[in-house]
$ cat query10.cif   # mmCIF, C-alpha atoms
data_run
#
loop_
_atom_site.group_PDB
_atom_site.id
_atom_site.type_symbol
_atom_site.label_atom_id
_atom_site.label_comp_id
_atom_site.auth_asym_id
_atom_site.auth_seq_id
_atom_site.Cartn_x
_atom_site.Cartn_y
_atom_site.Cartn_z
ATOM 1 C CA PRO X 1 111.409 -2.318 -28.847
ATOM 2 C CA VAL X 2 113.929 -3.414 -31.472
ATOM 3 C CA VAL X 3 117.511 -3.297 -30.188
ATOM 4 C CA SER X 4 120.603 -2.818 -32.316
ATOM 5 C CA LYS X 5 122.163 -6.165 -31.382
ATOM 6 C CA TYR X 6 120.971 -9.552 -30.099
ATOM 7 C CA GLU X 7 123.534 -11.803 -28.445
ATOM 8 C CA ARG X 8 121.599 -14.945 -29.349
ATOM 9 C CA VAL X 9 118.197 -15.635 -30.911
ATOM 10 C CA CYS X 10 116.123 -18.802 -31.283
ATOM 11 C CA PHE X 11 112.835 -19.865 -32.839
ATOM 12 C CA THR X 12 111.650 -22.542 -30.363
ATOM 13 C CA ARG X 13 110.989 -22.377 -26.621
ATOM 14 C CA ASP X 14 113.428 -25.156 -25.808
ATOM 15 C CA GLY X 15 116.190 -23.076 -27.397
ATOM 16 C CA VAL X 16 115.840 -20.140 -25.003
ATOM 17 C CA ARG X 17 117.991 -21.721 -22.303
ATOM 18 C CA LEU X 18 120.619 -24.280 -23.241
ATOM 19 C CA ASP X 19 122.449 -26.502 -20.774
ATOM 20 C CA ARG X 20 125.781 -25.606 -22.297
ATOM 21 C CA PRO X 21 128.483 -23.426 -20.767
ATOM 22 C CA GLY X 22 129.066 -20.135 -22.512
ATOM 23 C CA PHE X 23 125.638 -19.947 -24.158
ATOM 24 C CA PRO X 24 123.615 -16.925 -22.952
ATOM 25 C CA PRO X 25 119.795 -17.036 -22.843
ATOM 26 C CA GLY X 26 118.296 -16.610 -26.286
ATOM 27 C CA VAL X 27 115.613 -14.198 -27.444
ATOM 28 C CA LEU X 28 112.624 -16.128 -28.772
ATOM 29 C CA LEU X 29 111.653 -14.743 -32.179
ATOM 30 C CA HIS X 30 107.982 -15.216 -33.020
ATOM 31 C CA PRO X 31 105.516 -13.470 -35.378
ATOM 32 C CA GLY X 32 104.572 -10.935 -32.686
ATOM 33 C CA HIS X 33 108.148 -10.045 -31.707
ATOM 34 C CA PRO X 34 109.077 -6.385 -32.428
ATOM 35 C CA LEU X 35 112.010 -7.462 -34.610
ATOM 36 C CA MET X 36 109.810 -9.736 -36.730
ATOM 37 C CA ARG X 37 107.126 -7.060 -37.057
ATOM 38 C CA ALA X 38 109.698 -4.437 -38.065
ATOM 39 C CA LEU X 39 111.261 -6.835 -40.585
ATOM 40 C CA LEU X 40 107.881 -7.643 -42.121
ATOM 41 C CA GLU X 41 106.921 -3.962 -42.356
ATOM 42 C CA ASP X 42 110.228 -3.042 -44.032
ATOM 43 C CA LEU X 43 109.966 -5.995 -46.414
ATOM 44 C CA LEU X 44 106.416 -5.117 -47.466
ATOM 45 C CA GLU X 45 107.361 -1.458 -47.896
ATOM 46 C CA GLU X 46 110.373 -2.291 -50.037
ATOM 47 C CA LYS X 47 109.093 -5.334 -51.944
ATOM 48 C CA GLY X 48 105.324 -4.934 -51.765
ATOM 49 C CA ALA X 49 105.117 -4.015 -55.448
ATOM 50 C CA VAL X 50 106.747 -7.334 -56.362
ATOM 51 C CA LEU X 51 103.952 -9.203 -54.594
ATOM 52 C CA GLN X 52 101.398 -7.326 -56.691
ATOM 53 C CA LYS X 53 103.111 -8.481 -59.897
ATOM 54 C CA GLY X 54 102.486 -12.102 -58.974
ATOM 55 C CA ALA X 55 104.465 -15.285 -59.600
ATOM 56 C CA LEU X 56 104.278 -18.615 -61.424
ATOM 57 C CA LEU X 57 104.585 -21.567 -59.064
ATOM 58 C CA VAL X 58 104.228 -25.341 -59.284
ATOM 59 C CA ASP X 59 102.594 -27.780 -56.871
ATOM 60 C CA GLU X 60 104.575 -30.968 -57.512
ATOM 61 C CA THR X 61 102.263 -32.996 -55.249
ATOM 62 C CA ASP X 62 99.128 -32.170 -57.265
ATOM 63 C CA GLU X 63 98.472 -34.765 -59.955
ATOM 64 C CA GLY X 64 95.442 -32.897 -61.283
ATOM 65 C CA ASP X 65 95.163 -30.701 -64.356
ATOM 66 C CA VAL X 66 93.272 -27.647 -62.987
ATOM 67 C CA PRO X 67 95.484 -24.589 -62.324
ATOM 68 C CA SER X 68 94.531 -22.093 -59.636
ATOM 69 C CA LEU X 69 95.307 -18.587 -58.441
ATOM 70 C CA LEU X 70 96.654 -18.354 -54.913
ATOM 71 C CA PHE X 71 95.974 -14.974 -53.293
ATOM 72 C CA LEU X 72 97.755 -13.593 -50.225
ATOM 73 C CA LEU X 73 95.481 -11.342 -48.176
ATOM 74 C CA THR X 74 95.887 -9.411 -44.956
ATOM 75 C CA HIS X 75 93.160 -8.634 -42.458
ATOM 76 C CA GLU X 76 93.199 -6.317 -39.437
ATOM 77 C CA VAL X 77 91.028 -6.064 -36.346
ATOM 78 C CA LYS X 78 91.194 -2.716 -34.536
ATOM 79 C CA SER X 79 89.940 -1.489 -31.187
ATOM 80 C CA GLY X 80 87.536 1.410 -30.850
ATOM 81 C CA ASP X 81 90.429 3.827 -30.336
ATOM 82 C CA GLY X 82 92.052 2.798 -33.634
ATOM 83 C CA ALA X 83 94.828 0.581 -32.235
ATOM 84 C CA VAL X 84 95.558 -2.574 -34.263
ATOM 85 C CA LEU X 85 94.674 -5.568 -32.085
ATOM 86 C CA SER X 86 95.533 -8.269 -34.590
ATOM 87 C CA LYS X 87 96.845 -8.522 -38.143
ATOM 88 C CA ARG X 88 96.657 -11.852 -39.924
ATOM 89 C CA LEU X 89 97.743 -13.200 -43.283
ATOM 90 C CA ASP X 90 95.392 -15.548 -45.110
ATOM 91 C CA PHE X 91 95.546 -17.483 -48.358
ATOM 92 C CA VAL X 92 92.659 -18.117 -50.748
ATOM 93 C CA ARG X 93 92.699 -20.342 -53.844
ATOM 94 C CA VAL X 94 90.525 -19.630 -56.884
ATOM 95 C CA GLY X 95 90.577 -22.451 -59.420
ATOM 96 C CA ALA X 96 90.136 -22.331 -63.168
ATOM 97 C CA ASP X 97 86.917 -24.274 -62.478
ATOM 98 C CA ASP X 98 85.753 -21.252 -60.354
ATOM 99 C CA VAL X 99 85.981 -23.280 -57.128
ATOM 100 C CA VAL X 100 87.094 -21.019 -54.245
ATOM 101 C CA ARG X 101 88.552 -22.436 -51.041
ATOM 102 C CA PRO X 102 90.857 -21.362 -48.193
ATOM 103 C CA GLY X 103 94.509 -21.826 -49.099
ATOM 104 C CA GLY X 104 95.681 -23.071 -45.698
ATOM 105 C CA GLY X 105 98.278 -21.744 -43.299
ATOM 106 C CA ALA X 106 101.379 -21.540 -45.505
ATOM 107 C CA PRO X 107 100.733 -23.245 -48.864
ATOM 108 C CA HIS X 108 103.600 -21.391 -50.566
ATOM 109 C CA LEU X 109 106.114 -23.477 -48.616
ATOM 110 C CA ASP X 110 105.155 -26.545 -50.676
ATOM 111 C CA LEU X 111 105.433 -24.754 -54.030
ATOM 112 C CA VAL X 112 108.423 -24.313 -56.352
ATOM 113 C CA PRO X 113 109.095 -21.709 -59.077
ATOM 114 C CA LEU X 114 108.129 -22.523 -62.652
ATOM 115 C CA SER X 115 111.215 -23.166 -64.784
ATOM 116 C CA SER X 116 111.873 -21.129 -67.931
ATOM 117 C CA GLU X 117 111.486 -24.284 -70.065
ATOM 118 C CA ASP X 118 108.092 -25.095 -68.558
ATOM 119 C CA ARG X 119 107.025 -21.477 -68.914
ATOM 120 C CA LEU X 120 107.415 -21.786 -72.694
ATOM 121 C CA ARG X 121 105.203 -24.878 -72.611
ATOM 122 C CA CYS X 122 102.521 -22.974 -70.649
ATOM 123 C CA GLN X 123 102.090 -19.951 -72.929
ATOM 124 C CA GLU X 124 98.669 -21.108 -74.062
ATOM 125 C CA LEU X 125 97.571 -21.689 -70.451
ATOM 126 C CA LEU X 126 98.644 -18.162 -69.498
ATOM 127 C CA ARG X 127 96.331 -16.728 -72.160
ATOM 128 C CA GLU X 128 93.212 -18.557 -70.956
ATOM 129 C CA PRO X 129 90.140 -16.291 -70.592
ATOM 130 C CA TRP X 130 89.639 -16.903 -66.850
ATOM 131 C CA LEU X 131 93.029 -15.279 -66.173
ATOM 132 C CA GLN X 132 92.253 -12.234 -68.329
ATOM 133 C CA THR X 133 88.889 -11.384 -66.770
ATOM 134 C CA ALA X 134 89.032 -8.406 -64.400
ATOM 135 C CA PRO X 135 88.457 -8.320 -61.508
ATOM 136 C CA GLY X 136 87.303 -11.956 -61.753
ATOM 137 C CA PRO X 137 89.291 -14.287 -59.450
ATOM 138 C CA ARG X 138 90.589 -11.437 -57.306
ATOM 139 C CA ALA X 139 87.061 -10.308 -56.505
ATOM 140 C CA ARG X 140 86.035 -13.899 -55.728
ATOM 141 C CA ALA X 141 88.962 -14.262 -53.317
ATOM 142 C CA LEU X 142 88.054 -11.017 -51.543
ATOM 143 C CA GLU X 143 84.413 -12.089 -51.331
ATOM 144 C CA VAL X 144 85.285 -15.385 -49.630
ATOM 145 C CA ALA X 145 87.780 -13.699 -47.314
ATOM 146 C CA SER X 146 85.185 -11.072 -46.327
ATOM 147 C CA ARG X 147 82.441 -13.627 -45.806
ATOM 148 C CA VAL X 148 84.378 -16.454 -44.103
ATOM 149 C CA LEU X 149 87.943 -15.679 -43.014
ATOM 150 C CA ALA X 150 87.596 -12.092 -41.764
ATOM 151 C CA PRO X 151 84.507 -12.719 -39.552
ATOM 152 C CA GLU X 152 86.207 -15.756 -38.007
ATOM 153 C CA HIS X 153 89.327 -13.715 -37.218
ATOM 154 C CA HIS X 154 87.180 -10.867 -35.884
ATOM 155 C CA ARG X 155 85.245 -13.178 -33.543
ATOM 156 C CA GLU X 156 88.429 -14.721 -32.137
ATOM 157 C CA VAL X 157 90.106 -11.358 -31.495
ATOM 158 C CA THR X 158 86.942 -9.728 -30.113
ATOM 159 C CA ALA X 159 86.351 -12.501 -27.585
ATOM 160 C CA ARG X 160 89.958 -12.357 -26.386
ATOM 161 C CA HIS X 161 90.078 -8.542 -26.350
ATOM 162 C CA GLN X 162 86.789 -8.050 -24.500
ATOM 163 C CA ALA X 163 87.808 -10.600 -21.863
ATOM 164 C CA HIS X 164 91.012 -8.587 -21.346
ATOM 165 C CA ILE X 165 89.068 -5.295 -21.135
ATOM 166 C CA ASP X 166 86.621 -6.775 -18.612
ATOM 167 C CA LYS X 167 89.506 -8.035 -16.469
ATOM 168 C CA THR X 168 91.209 -4.632 -16.633
ATOM 169 C CA TRP X 169 88.007 -2.776 -15.724
ATOM 170 C CA HIS X 170 87.408 -5.085 -12.753
ATOM 171 C CA ALA X 171 90.939 -4.396 -11.445
ATOM 172 C CA VAL X 172 90.675 -0.622 -12.008
ATOM 173 C CA HIS X 173 87.215 -0.421 -10.434
ATOM 174 C CA GLU X 174 88.283 -2.422 -7.394
ATOM 175 C CA ARG X 175 91.423 -0.357 -6.801
ATOM 176 C CA LEU X 176 89.872 3.092 -7.264
ATOM 177 C CA THR X 177 86.695 2.353 -5.296
ATOM 178 C CA LYS X 178 88.847 1.173 -2.388
ATOM 179 C CA GLU X 179 90.805 4.435 -2.520
ATOM 180 C CA ILE X 180 87.597 6.471 -2.732
ATOM 181 C CA SER X 181 86.166 4.605 0.266
ATOM 182 C CA TYR X 182 89.365 5.201 2.254
ATOM 183 C CA TRP X 183 89.447 8.948 1.587
ATOM 184 C CA THR X 184 85.684 9.281 2.139
ATOM 185 C CA GLU X 185 86.066 7.690 5.555
ATOM 186 C CA ARG X 186 88.921 10.063 6.405
ATOM 187 C CA TRP X 187 86.858 13.022 5.194
ATOM 188 C CA LEU X 188 83.934 12.007 7.461
ATOM 189 C CA GLN X 189 86.249 11.541 10.446
ATOM 190 C CA ARG X 190 87.714 15.011 9.966
ATOM 191 C CA LYS X 191 84.242 16.502 9.563
ATOM 192 C CA GLU X 192 83.381 15.024 12.949
ATOM 193 C CA GLY X 193 86.607 16.442 14.400
ATOM 194 C CA GLN X 194 85.784 19.904 13.073
ATOM 195 C CA GLU X 195 82.350 19.745 14.705
ATOM 196 C CA GLU X 196 84.156 19.070 17.969
ATOM 197 C CA GLY X 197 86.028 22.380 17.584
ATOM 198 C CA LYS X 198 89.211 21.316 15.773
ATOM 199 C CA ASP X 199 90.459 23.499 12.893
ATOM 200 C CA LEU X 200 90.580 20.903 10.051
ATOM 201 C CA ARG X 201 89.233 23.002 7.196
ATOM 202 C CA LEU X 202 92.373 22.665 5.013
ATOM 203 C CA ALA X 203 92.612 18.878 5.550
ATOM 204 C CA ILE X 204 88.888 18.462 4.850
ATOM 205 C CA GLU X 205 89.195 20.435 1.608
ATOM 206 C CA ASN X 206 92.211 18.374 0.514
ATOM 207 C CA ASP X 207 90.296 15.154 1.232
ATOM 208 C CA ARG X 208 87.318 16.421 -0.775
ATOM 209 C CA ARG X 209 89.537 17.251 -3.765
ATOM 210 C CA THR X 210 91.209 13.829 -3.564
ATOM 211 C CA ILE X 211 87.795 12.113 -3.604
ATOM 212 C CA GLU X 212 86.682 14.183 -6.607
ATOM 213 C CA ASP X 213 89.939 13.458 -8.444
ATOM 214 C CA LEU X 214 89.639 9.715 -7.836
ATOM 215 C CA SER X 215 85.982 9.718 -8.909
ATOM 216 C CA SER X 216 86.878 11.596 -12.099
ATOM 217 C CA ARG X 217 89.689 9.144 -12.828
ATOM 218 C CA LEU X 218 87.315 6.229 -12.345
ATOM 219 C CA GLU X 219 84.728 7.698 -14.704
ATOM 220 C CA ARG X 220 87.358 8.671 -17.281
ATOM 221 C CA ARG X 221 88.942 5.212 -17.207
ATOM 222 C CA LYS X 222 85.521 3.629 -17.552
ATOM 223 C CA LYS X 223 84.820 5.651 -20.719
ATOM 224 C CA GLU X 224 88.271 4.840 -22.140
ATOM 225 C CA LEU X 225 87.844 1.100 -21.592
ATOM 226 C CA GLN X 226 84.309 1.201 -22.970
ATOM 227 C CA ALA X 227 85.626 2.846 -26.156
ATOM 228 C CA MET X 228 88.430 0.283 -26.400
ATOM 229 C CA ARG X 229 85.978 -2.590 -25.881
ATOM 230 C CA HIS X 230 84.464 -1.970 -29.298
ATOM 231 C CA THR X 231 86.280 -3.699 -32.156
ATOM 232 C CA VAL X 232 86.363 -2.871 -35.867
ATOM 233 C CA ASN X 233 86.416 -5.573 -38.533
ATOM 234 C CA CYS X 234 88.497 -4.018 -41.323
ATOM 235 C CA PRO X 235 88.029 -5.204 -44.927
ATOM 236 C CA PRO X 236 90.598 -7.722 -46.235
ATOM 237 C CA VAL X 237 93.272 -6.438 -48.608
ATOM 238 C CA VAL X 238 95.014 -8.425 -51.355
ATOM 239 C CA LEU X 239 98.805 -8.190 -50.972
ATOM 240 C CA GLY X 240 99.792 -10.461 -53.840
ATOM 241 C CA GLY X 241 99.050 -13.578 -55.808
ATOM 242 C CA ALA X 242 100.504 -16.437 -57.803
ATOM 243 C CA LEU X 243 99.341 -18.781 -60.528
ATOM 244 C CA VAL X 244 99.792 -22.342 -59.266
ATOM 245 C CA LEU X 245 100.167 -25.080 -61.860
ATOM 246 C CA PRO X 246 99.632 -28.733 -60.868
ATOM 247 C CA GLY X 247 102.663 -30.957 -61.250
ATOM 248 C CA GLY X 248 100.547 -33.523 -63.064
ATOM 249 C CA LEU X 249 99.547 -30.978 -65.703
ATOM 250 C CA LEU X 250 103.181 -29.995 -66.314
ATOM 251 C CA ARG X 251 104.262 -33.597 -66.614
ATOM 252 C CA ARG X 252 101.636 -34.182 -69.270
ATOM 253 C CA LEU X 253 102.742 -31.054 -71.132
ATOM 254 C CA ARG X 254 106.285 -32.428 -71.082
ATOM 255 C CA GLY X 255 105.020 -35.728 -72.430
ATOM 256 C CA GLU X 256 105.997 -37.561 -69.250
ATOM 257 C CA GLY X 257 102.575 -38.928 -68.363
ATOM 258 C CA PRO X 258 99.272 -40.091 -69.854
ATOM 259 C CA SER X 259 96.753 -37.601 -71.160
ATOM 260 C CA PRO X 260 93.516 -37.042 -69.208
ATOM 261 C CA GLU X 261 91.627 -39.107 -71.812
ATOM 262 C CA GLU X 262 94.092 -41.961 -71.450
ATOM 263 C CA GLU X 263 93.787 -41.789 -67.679
ATOM 264 C CA LYS X 264 90.014 -41.876 -67.966
ATOM 265 C CA ASN X 265 90.184 -44.970 -70.177
ATOM 266 C CA THR X 266 92.585 -46.625 -67.738
ATOM 267 C CA VAL X 267 90.280 -45.992 -64.781
ATOM 268 C CA ALA X 268 87.294 -47.292 -66.738
ATOM 269 C CA ALA X 269 89.207 -50.435 -67.741
ATOM 270 C CA ALA X 270 90.254 -51.061 -64.137
ATOM 271 C CA ALA X 271 86.662 -50.657 -62.940
ATOM 272 C CA ALA X 272 85.449 -53.098 -65.630
ATOM 273 C CA ALA X 273 88.103 -55.622 -64.612
ATOM 274 C CA ARG X 274 86.955 -55.437 -60.971
ATOM 275 C CA ARG X 275 83.408 -56.211 -62.061
#

$ encode --input "query10.cif" --output "structure tokens"
Amino acid sequence: PVVSKYERVCFTRDGVRLDRPGFPPGVLLHPGHPLMRALLEDLLEEKGAVLQKGALLVDETDEGDVPSLLFLLTHEVKSGDGAVLSKRLDFVRVGADDVVRPGGGAPHLDLVPLSSEDRLRCQELLREPWLQTAPGPRARALEVASRVLAPEHHREVTARHQAHIDKTWHAVHERLTKEISYWTERWLQRKEGQEEGKDLRLAIENDRRTIEDLSSRLERRKKELQAMRHTVNCPPVVLGGALVLPGGLLRRLRGEGPSPEEEKNTVAAAAAARR
């Protein structure tokens, strides 16, 4: 659960315990920590509409001239009882050349906002037909996520979840069958004692009810775990997107670099010189 105050937090394992006097143990914050999950949920609830509006970003390391749309998608895998087993964020790039590829783990960290001056230079780019076609790139991103990313995530979670369910069932079955065997043996011993003339009717009835209760619990738990063993591959959902402009394209629009035709001539001249 999320607490109202944390004395100290850290983001790496080696920061949990420090060999310094006066420093208490730290709480390791990771994507699955309740505080991080609560923060992400509140952020998406409050700012989710901003993600849908999109953004204009620049990849300064890209010397090409083909812009692309970077989509942020979320995908959930649920158990048979509806509990969310795993929720993952994925990125998909759809280029102006219609090439679709995974966007990587966190591509937005290498991108910078488009300046207002460069935005004026890109007005013609922003009106290109491939950006105006609906659903177009968005549908292509969802198609790739549904066909490639979501099944991969589903397989990983299913394998891990079913191994956990099998381990749990083995432990439950072993414990309850031992208890059933114990009470069955006691019930048989008391039956023998009653045949010898002892009045053990109440004890025998209590043993019988205990055996029935344990057997019912075993069967009920078996059905519950069997229902939980099934996993559901939910469809991916687009949370937001951004138009990513290559740094090389912007530099050419600013007049800071050679045009594509000039670059082509330069490459051809260098190849001819090598021959």

$ resolve_selection --input "query10.cif" --expression "the PyMOL selection byres ((chain X and resi 179) around 12)" --output "PDB file with C-alpha atoms, keeping the file's coordinate frame"
ATOM      1  CA  VAL X 172      90.675  -0.622 -12.008  1.00  0.00           C
ATOM      2  CA  HIS X 173      87.215  -0.421 -10.434  1.00  0.00           C
ATOM      3  CA  GLU X 174      88.283  -2.422  -7.394  1.00  0.00           C
ATOM      4  CA  ARG X 175      91.423  -0.357  -6.801  1.00  0.00           C
ATOM      5  CA  LEU X 176      89.872   3.092  -7.264  1.00  0.00           C
ATOM      6  CA  THR X 177      86.695   2.353  -5.296  1.00  0.00           C
ATOM      7  CA  LYS X 178      88.847   1.173  -2.388  1.00  0.00           C
ATOM      8  CA  ILE X 180      87.597   6.471  -2.732  1.00  0.00           C
ATOM      9  CA  SER X 181      86.166   4.605   0.266  1.00  0.00           C
ATOM     10  CA  TYR X 182      89.365   5.201   2.254  1.00  0.00           C
ATOM     11  CA  TRP X 183      89.447   8.948   1.587  1.00  0.00           C
ATOM     12  CA  THR X 184      85.684   9.281   2.139  1.00  0.00           C
ATOM     13  CA  GLU X 185      86.066   7.690   5.555  1.00  0.00           C
ATOM     14  CA  ARG X 186      88.921  10.063   6.405  1.00  0.00           C
ATOM     15  CA  ASP X 207      90.296  15.154   1.232  1.00  0.00           C
ATOM     16  CA  THR X 210      91.209  13.829  -3.564  1.00  0.00           C
ATOM     17  CA  ILE X 211      87.795  12.113  -3.604  1.00  0.00           C
ATOM     18  CA  GLU X 212      86.682  14.183  -6.607  1.00  0.00           C
ATOM     19  CA  ASP X 213      89.939  13.458  -8.444  1.00  0.00           C
ATOM     20  CA  LEU X 214      89.639   9.715  -7.836  1.00  0.00           C
ATOM     21  CA  SER X 215      85.982   9.718  -8.909  1.00  0.00           C
ATOM     22  CA  ARG X 217      89.689   9.144 -12.828  1.00  0.00           C
ATOM     23  CA  LEU X 218      87.315   6.229 -12.345  1.00  0.00           C
TER      24      LEU X 218
END

$ residues_around --input "query10.cif" --residues "His230 in chain X" --least-positions-apart "3" --cutoff "6 Å" --atoms "all atoms listed in the file" --output "ChimeraX atom specification"
/X:79-80,227

$ write_last_selection --input "query10.cif" --atoms "C-alpha atoms" --output "PDB file, in the frame of the given file"
ATOM      1  CA  SER X  79      89.940  -1.489 -31.187  1.00  0.00           C
ATOM      2  CA  GLY X  80      87.536   1.410 -30.850  1.00  0.00           C
ATOM      3  CA  ALA X 227      85.626   2.846 -26.156  1.00  0.00           C
TER       4      ALA X 227
END

$ resolve_selection --input "query10.cif" --expression "the PyMOL selection byres ((chain X and resi 114) around 8)" --output "list in words"
Leu56, Leu57, Val58, Val112, Pro113, Ser115, Ser116, Asp118 and Arg119 of chain X

$ write_last_selection --input "query10.cif" --atoms "C-alpha atoms" --output "mmCIF file, in the coordinates of the input"
data_model
loop_
_atom_site.group_PDB
_atom_site.id
_atom_site.type_symbol
_atom_site.label_atom_id
_atom_site.label_comp_id
_atom_site.auth_asym_id
_atom_site.auth_seq_id
_atom_site.Cartn_x
_atom_site.Cartn_y
_atom_site.Cartn_z
ATOM 1 C CA LEU X 56 104.278 -18.615 -61.424
ATOM 2 C CA LEU X 57 104.585 -21.567 -59.064
ATOM 3 C CA VAL X 58 104.228 -25.341 -59.284
ATOM 4 C CA VAL X 112 108.423 -24.313 -56.352
ATOM 5 C CA PRO X 113 109.095 -21.709 -59.077
ATOM 6 C CA SER X 115 111.215 -23.166 -64.784
ATOM 7 C CA SER X 116 111.873 -21.129 -67.931
ATOM 8 C CA ASP X 118 108.092 -25.095 -68.558
ATOM 9 C CA ARG X 119 107.025 -21.477 -68.914
#

$ closest_atom_pairs --input "query10.cif" --of "range 124-152 of chain X" --to "range 85-99 of chain X" --cutoff "7 Å" --atoms "only C-alpha atoms" --output "Markdown table"
| residue | atom | partner | partner_atom | distance |
| --- | --- | --- | --- | --- |
| X:Trp130 | CA | X:Ala96 | CA | 6.6 |
| X:Pro137 | CA | X:Val94 | CA | 6.1 |
| X:Ala141 | CA | X:Val92 | CA | 5.9 |

$ atom_distance --input "query10.cif" --atom1 "CA of Arg220 in chain X" --atom2 "CA of Lys78 in chain X"
21.0 Å

$ closest_residue --input "query10.cif" --among "X:Leu245, X:Met228, X:Glu196, X:Leu69" --to "Arg140 in chain X" --atoms "only C-alpha atoms"
X:Leu69

$ residues_around --input "query10.cif" --residues "Gly247 in chain X" --least-positions-apart "4" --cutoff "6 Å" --atoms "all atoms listed in the file" --output "CSV table (one decimal) with C-alpha atoms, keeping the file's coordinate frame"
chain,number,residue,atom,x,y,z
X,59,ASP,CA,102.6,-27.8,-56.9
X,60,GLU,CA,104.6,-31.0,-57.5
X,62,ASP,CA,99.1,-32.2,-57.3
X,63,GLU,CA,98.5,-34.8,-60.0

$ closest_residue --input "query10.cif" --among "X:Pro236, X:Gly48, X:Gly64, X:Gly136" --to "Arg252 in chain X" --atoms "all atoms listed in the file"
X:Gly64

$ closest_residue --input "query10.cif" --among "X:Glu7, X:Asp65, X:Glu128, X:Glu45" --to "Gly248 in chain X" --atoms "all atoms listed in the file"
X:Asp65

$ atom_distance --input "query10.cif" --atom1 "CA of Asn233 in chain X" --atom2 "CA of Ala83 in chain X"
12.2 Å

$ closest_residue --input "query10.cif" --among "X:Leu72, X:Leu40, X:Leu120, X:Leu109" --to "Val238 in chain X" --atoms "only C-alpha atoms"
X:Leu72

$ axis_aligned_box --input "query10.cif" --around "range 154-172 of chain X" --padding-each-side "5 Å" --output "JSON"
{"center_x": 88.2, "center_y": -7.7, "center_z": -23.7, "size_x": 16.0, "size_y": 24.1, "size_z": 34.4}

$ atom_distance --input "query10.cif" --atom1 "CA of Ile165 in chain X" --atom2 "CA of Met36 in chain X"
26.3 Å

$ residues_around --input "query10.cif" --residues "Ala163 in chain X" --least-positions-apart "4" --cutoff "12 Å" --atoms "only C-alpha atoms" --output "number ranges by chain"
X: 156-159, 167-170, 225, 228-230

$ closest_residue --input "query10.cif" --among "X:Glu76, X:Glu256, X:Glu46, X:Glu195" --to "Val237 in chain X" --atoms "all atoms listed in the file"
X:Glu76

$ residues_around --input "query10.cif" --residues "Ala55 in chain X" --least-positions-apart "6" --cutoff "7 Å" --atoms "all atoms listed in the file" --output "PyMOL selection string"
chain X and resi 241-243

$ closest_residue --input "query10.cif" --among "X:Leu70, X:Cys10, X:Gln52, X:Leu111" --to "Pro25 in chain X" --atoms "all atoms listed in the file"
X:Cys10

$ resolve_selection --input "query10.cif" --expression "the PyMOL selection byres ((chain X and resi 235) around 10)" --output "list in words"
Thr74, His75, Glu76, Val77, Leu142, Ala145, Ser146, Ala150, Pro151, Val232, Asn233, Cys234, Pro236 and Val237 of chain X
